[in-house]
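One structure is given here, and the rest of the page talks about it.
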Amino acid sequence: MLICRWKKIPEDMKSNAVLQYYLMLRKKNFSLFFKRVFDIVVSLIMLIILSPLFLILAIAIKADSKGPVFYRQVRVTQYGKEFRIFKFRTMVSNADKIGSQVTVDNDSRITKVGKFIRKCRLDEVSQLLNVLGGSMTFVGTRPEVPKYVAQYTDEMKATLLLPAGITSLASIKYKDEAKLLENAENVDETYLAEVLPQKMEYNLLALRKYGFWRDIGTMFRTVGAVLKR
């Protein structure tokens, strides 16, 4: 997870806005190295412990509706690289082809089992596989689909200096994002114009104040937010 040399940063990310964040993070390479070690060790332990839950969810999803167990949508992570995220499928097969790529509450595409899984945030636990593989980390900016990343401002691109995360301060603040977008006339336009910029303010703040122990605090806050919900 170490920050690479500036000359190796993708050209479309090279700007004065990104450089300011780059210089701050380069000074924290040791902490970022420890962050990666933590990701590997903890994700591996959690995958072993949660393997029975994975099996139960897989059986429930297959019994409830046709389609794969996992939803493997293309997202964007560190340095703008694309990867396929692991999420337990909570919607009908090919849902992204019959509607927006942003999900709202009471979305007709959500399956019966999917409603329960989403309510308990269990669809996210499969991302432990992405964390173990290195395409994601526990705490970091939530990965967006390529068409939304294409709309990033220069400063927003600074979030791509680190791997995408399972949770973040923005994720906690906008845990009810689907409900906020429920009455939008155009979900994609509303997300890009209103929700994404506000979430990015939190994501950029997290980069400026990055610290390993701050990440641990965010993880505990996430657990608290999920239990409260």
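Here, A, B, ... name the chains of the structure tokens in the order displayed, residue numbers run from 1 inside each chain, and ligands are numbered from 1 in the same displayed order.
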Listing only residues of segment 95-162 of chain A within 12 Å of segment 204-224 of chain A, what is the closest atom pair and its distance in Å (to one decimal) for each, using only C-alpha atoms, sorted by chain and residue number ascending, as a tab-separated table?
residue	atom	partner	partner_atom	distance
A:Cys120	CA	A:Val223	CA	11.0
A:Arg121	CA	A:Val223	CA	10.3
A:Thr137	CA	A:Asp215	CA	10.4
A:Phe138	CA	A:Met219	CA	7.7
A:Val139	CA	A:Asp215	CA	6.0
A:Gly140	CA	A:Ala206	CA	8.3
A:Thr141	CA	A:Leu204	CA	8.8
A:Thr153	CA	A:Leu204	CA	12.0
A:Asp154	CA	A:Leu204	CA	11.7
A:Glu155	CA	A:Leu204	CA	8.2
A:Met156	CA	A:Leu204	CA	7.3
A:Lys157	CA	A:Leu204	CA	9.6
A:Ala158	CA	A:Leu204	CA	7.6
A:Thr159	CA	A:Leu204	CA	6.7
A:Leu160	CA	A:Leu207	CA	10.4
A:Leu161	CA	A:Leu207	CA	9.3
A:Leu162	CA	A:Leu207	CA	9.0
- strand (DSSP E or B) per DSSP on the backbone: members of segment 132-223 of chain A, as a PyMOL selection string: chain A and resi 136-139+164-167
Those residues you just picked out, can you put them in a file as an mmCIF file, in the first residue's frame with N, CA and C atoms?
data_model
loop_
_atom_site.group_PDB
_atom_site.id
_atom_site.type_symbol
_atom_site.label_atom_id
_atom_site.label_comp_id
_atom_site.auth_asym_id
_atom_site.auth_seq_id
_atom_site.Cartn_x
_atom_site.Cartn_y
_atom_site.Cartn_z
ATOM 1 N N MET A 136 -8.724 -3.597 -2.057
ATOM 2 C CA MET A 136 -9.415 -2.739 -1.096
ATOM 3 C C MET A 136 -8.704 -2.777 0.249
ATOM 4 N N THR A 137 -9.100 -1.873 1.125
ATOM 5 C CA THR A 137 -8.592 -1.829 2.488
ATOM 6 C C THR A 137 -9.792 -1.703 3.418
ATOM 7 N N PHE A 138 -9.590 -1.852 4.711
ATOM 8 C CA PHE A 138 -10.730 -1.759 5.623
ATOM 9 C C PHE A 138 -11.311 -0.348 5.663
ATOM 10 N N VAL A 139 -10.447 0.652 5.783
ATOM 11 C CA VAL A 139 -10.919 2.038 5.875
ATOM 12 C C VAL A 139 -10.354 2.856 4.730
ATOM 13 N N ALA A 164 -9.374 1.697 -2.305
ATOM 14 C CA ALA A 164 -10.756 1.931 -1.880
ATOM 15 C C ALA A 164 -11.016 1.160 -0.587
ATOM 16 N N GLY A 165 -11.978 1.617 0.203
ATOM 17 C CA GLY A 165 -12.224 0.983 1.494
ATOM 18 C C GLY A 165 -13.613 0.411 1.667
ATOM 19 N N ILE A 166 -13.738 -0.482 2.635
ATOM 20 C CA ILE A 166 -15.043 -1.045 2.984
ATOM 21 C C ILE A 166 -15.877 0.002 3.711
ATOM 22 N N THR A 167 -15.225 0.790 4.565
ATOM 23 C CA THR A 167 -15.949 1.814 5.304
ATOM 24 C C THR A 167 -15.115 3.087 5.387
#
Do you have, as JSON lines, the list of residues of segment 54-145 of chain A lying at most 10 Å from segment 1-21 of chain A, each with its nearest atom pair and that distance in Å to one decimal, counting only C-alpha atoms and ordered by chain then number?
{"residue": "A:Gln78", "atom": "CA", "partner": "A:Met1", "partner_atom": "CA", "distance": 9.0}
{"residue": "A:Tyr79", "atom": "CA", "partner": "A:Pro10", "partner_atom": "CA", "distance": 6.5}
{"residue": "A:Gly80", "atom": "CA", "partner": "A:Pro10", "partner_atom": "CA", "distance": 7.8}
{"residue": "A:Lys81", "atom": "CA", "partner": "A:Pro10", "partner_atom": "CA", "distance": 9.8}
{"residue": "A:Gly134", "atom": "CA", "partner": "A:Met1", "partner_atom": "CA", "distance": 8.1}
{"residue": "A:Ser135", "atom": "CA", "partner": "A:Met1", "partner_atom": "CA", "distance": 9.7}
{"residue": "A:Met136", "atom": "CA", "partner": "A:Met1", "partner_atom": "CA", "distance": 9.9}
{"residue": "A:Thr137", "atom": "CA", "partner": "A:Met1", "partner_atom": "CA", "distance": 9.1}
- Message: When DSSP is applied to the backbone of this structure, which of segment 78-200 of chain A are assigned helix (DSSP H, G or I)? Write them out as an NGL selection string.
- Response: :A and (78-80 or 95-97 or 112-119 or 122-133 or 146-149 or 156-161 or 169-173 or 177-180 or 187-200)
Any chance you could export the current selection's C-alpha atoms as an mmCIF file, in the first residue's frame?
data_model
loop_
_atom_site.group_PDB
_atom_site.id
_atom_site.type_symbol
_atom_site.label_atom_id
_atom_site.label_comp_id
_atom_site.auth_asym_id
_atom_site.auth_seq_id
_atom_site.Cartn_x
_atom_site.Cartn_y
_atom_site.Cartn_z
ATOM 1 C CA GLN A 78 -5.883 2.987 -6.072
ATOM 2 C CA TYR A 79 -4.348 4.922 -9.004
ATOM 3 C CA GLY A 80 -7.574 4.580 -10.967
ATOM 4 C CA ALA A 95 -30.022 -5.298 -11.966
ATOM 5 C CA ASP A 96 -27.496 -2.697 -13.129
ATOM 6 C CA LYS A 97 -28.744 -3.144 -16.695
ATOM 7 C CA LYS A 112 -36.683 -10.732 -0.422
ATOM 8 C CA VAL A 113 -33.487 -12.160 1.047
ATOM 9 C CA GLY A 114 -31.651 -9.117 -0.269
ATOM 10 C CA LYS A 115 -33.732 -6.773 1.896
ATOM 11 C CA PHE A 116 -32.614 -8.590 5.038
ATOM 12 C CA ILE A 117 -28.989 -8.762 3.892
ATOM 13 C CA ARG A 118 -28.902 -5.038 3.073
ATOM 14 C CA LYS A 119 -30.589 -4.075 6.344
ATOM 15 C CA LEU A 122 -24.151 -8.359 5.351
ATOM 16 C CA ASP A 123 -23.642 -7.794 1.619
ATOM 17 C CA GLU A 124 -20.439 -5.924 2.502
ATOM 18 C CA VAL A 125 -18.698 -8.719 4.441
ATOM 19 C CA SER A 126 -17.690 -10.509 1.246
ATOM 20 C CA GLN A 127 -15.417 -7.536 0.500
ATOM 21 C CA LEU A 128 -12.998 -9.149 2.936
ATOM 22 C CA LEU A 129 -11.896 -11.087 -0.152
ATOM 23 C CA ASN A 130 -11.009 -7.807 -1.873
ATOM 24 C CA VAL A 131 -9.141 -6.621 1.222
ATOM 25 C CA LEU A 132 -7.102 -9.813 1.383
ATOM 26 C CA GLY A 133 -6.306 -9.517 -2.316
ATOM 27 C CA PRO A 146 -15.982 4.205 -13.550
ATOM 28 C CA LYS A 147 -18.663 6.562 -14.886
ATOM 29 C CA TYR A 148 -18.788 8.421 -11.560
ATOM 30 C CA VAL A 149 -14.989 8.530 -11.209
ATOM 31 C CA MET A 156 -11.357 14.344 -5.696
ATOM 32 C CA LYS A 157 -8.783 12.286 -7.600
ATOM 33 C CA ALA A 158 -6.536 12.512 -4.529
ATOM 34 C CA THR A 159 -8.732 9.820 -2.961
ATOM 35 C CA LEU A 160 -7.310 7.435 -5.563
ATOM 36 C CA LEU A 161 -3.862 7.673 -3.984
ATOM 37 C CA LEU A 169 -16.315 8.516 7.780
ATOM 38 C CA ALA A 170 -18.386 9.374 4.696
ATOM 39 C CA SER A 171 -19.963 5.902 4.755
ATOM 40 C CA ILE A 172 -21.044 6.451 8.358
ATOM 41 C CA LYS A 173 -22.418 9.928 7.695
ATOM 42 C CA GLU A 177 -27.835 7.328 1.291
ATOM 43 C CA ALA A 178 -30.439 5.145 -0.441
ATOM 44 C CA LYS A 179 -33.200 6.832 1.540
ATOM 45 C CA LEU A 180 -31.897 10.289 0.594
ATOM 46 C CA VAL A 187 -30.957 9.325 -9.205
ATOM 47 C CA ASP A 188 -27.659 9.516 -11.119
ATOM 48 C CA GLU A 189 -27.788 13.289 -11.573
ATOM 49 C CA THR A 190 -28.751 13.902 -7.950
ATOM 50 C CA TYR A 191 -25.984 11.622 -6.718
ATOM 51 C CA LEU A 192 -23.321 13.372 -8.813
ATOM 52 C CA ALA A 193 -24.523 16.894 -8.104
ATOM 53 C CA GLU A 194 -25.401 16.645 -4.412
ATOM 54 C CA VAL A 195 -24.387 13.445 -2.613
ATOM 55 C CA LEU A 196 -20.957 12.685 -4.109
ATOM 56 C CA PRO A 197 -19.465 16.171 -3.486
ATOM 57 C CA GLN A 198 -20.580 16.079 0.154
ATOM 58 C CA LYS A 199 -19.171 12.584 0.678
ATOM 59 C CA MET A 200 -15.898 13.661 -0.908
#
- Give me, please, the distance in Å between atom CA of Glu144 of chain A and atom CA of Arg75 of chain A, quoted to one decimal. 5.4 Å
- Computed gap from atom CA of Ala60 of chain A to atom CA of Asp39 of chain A is 28.3 Å
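Atom to atom, atom CA of Leu57 of chain A and atom CA of Val69 of chain A stand 8.3 Å apart.
The shell of residues at most 9 Å from Ala58 of chain A, with only C-alpha atoms counted and near chain neighbours (fewer than 6 positions) removed, consists of A:Pro68, A:Val69, A:Phe70, A:Phe88.
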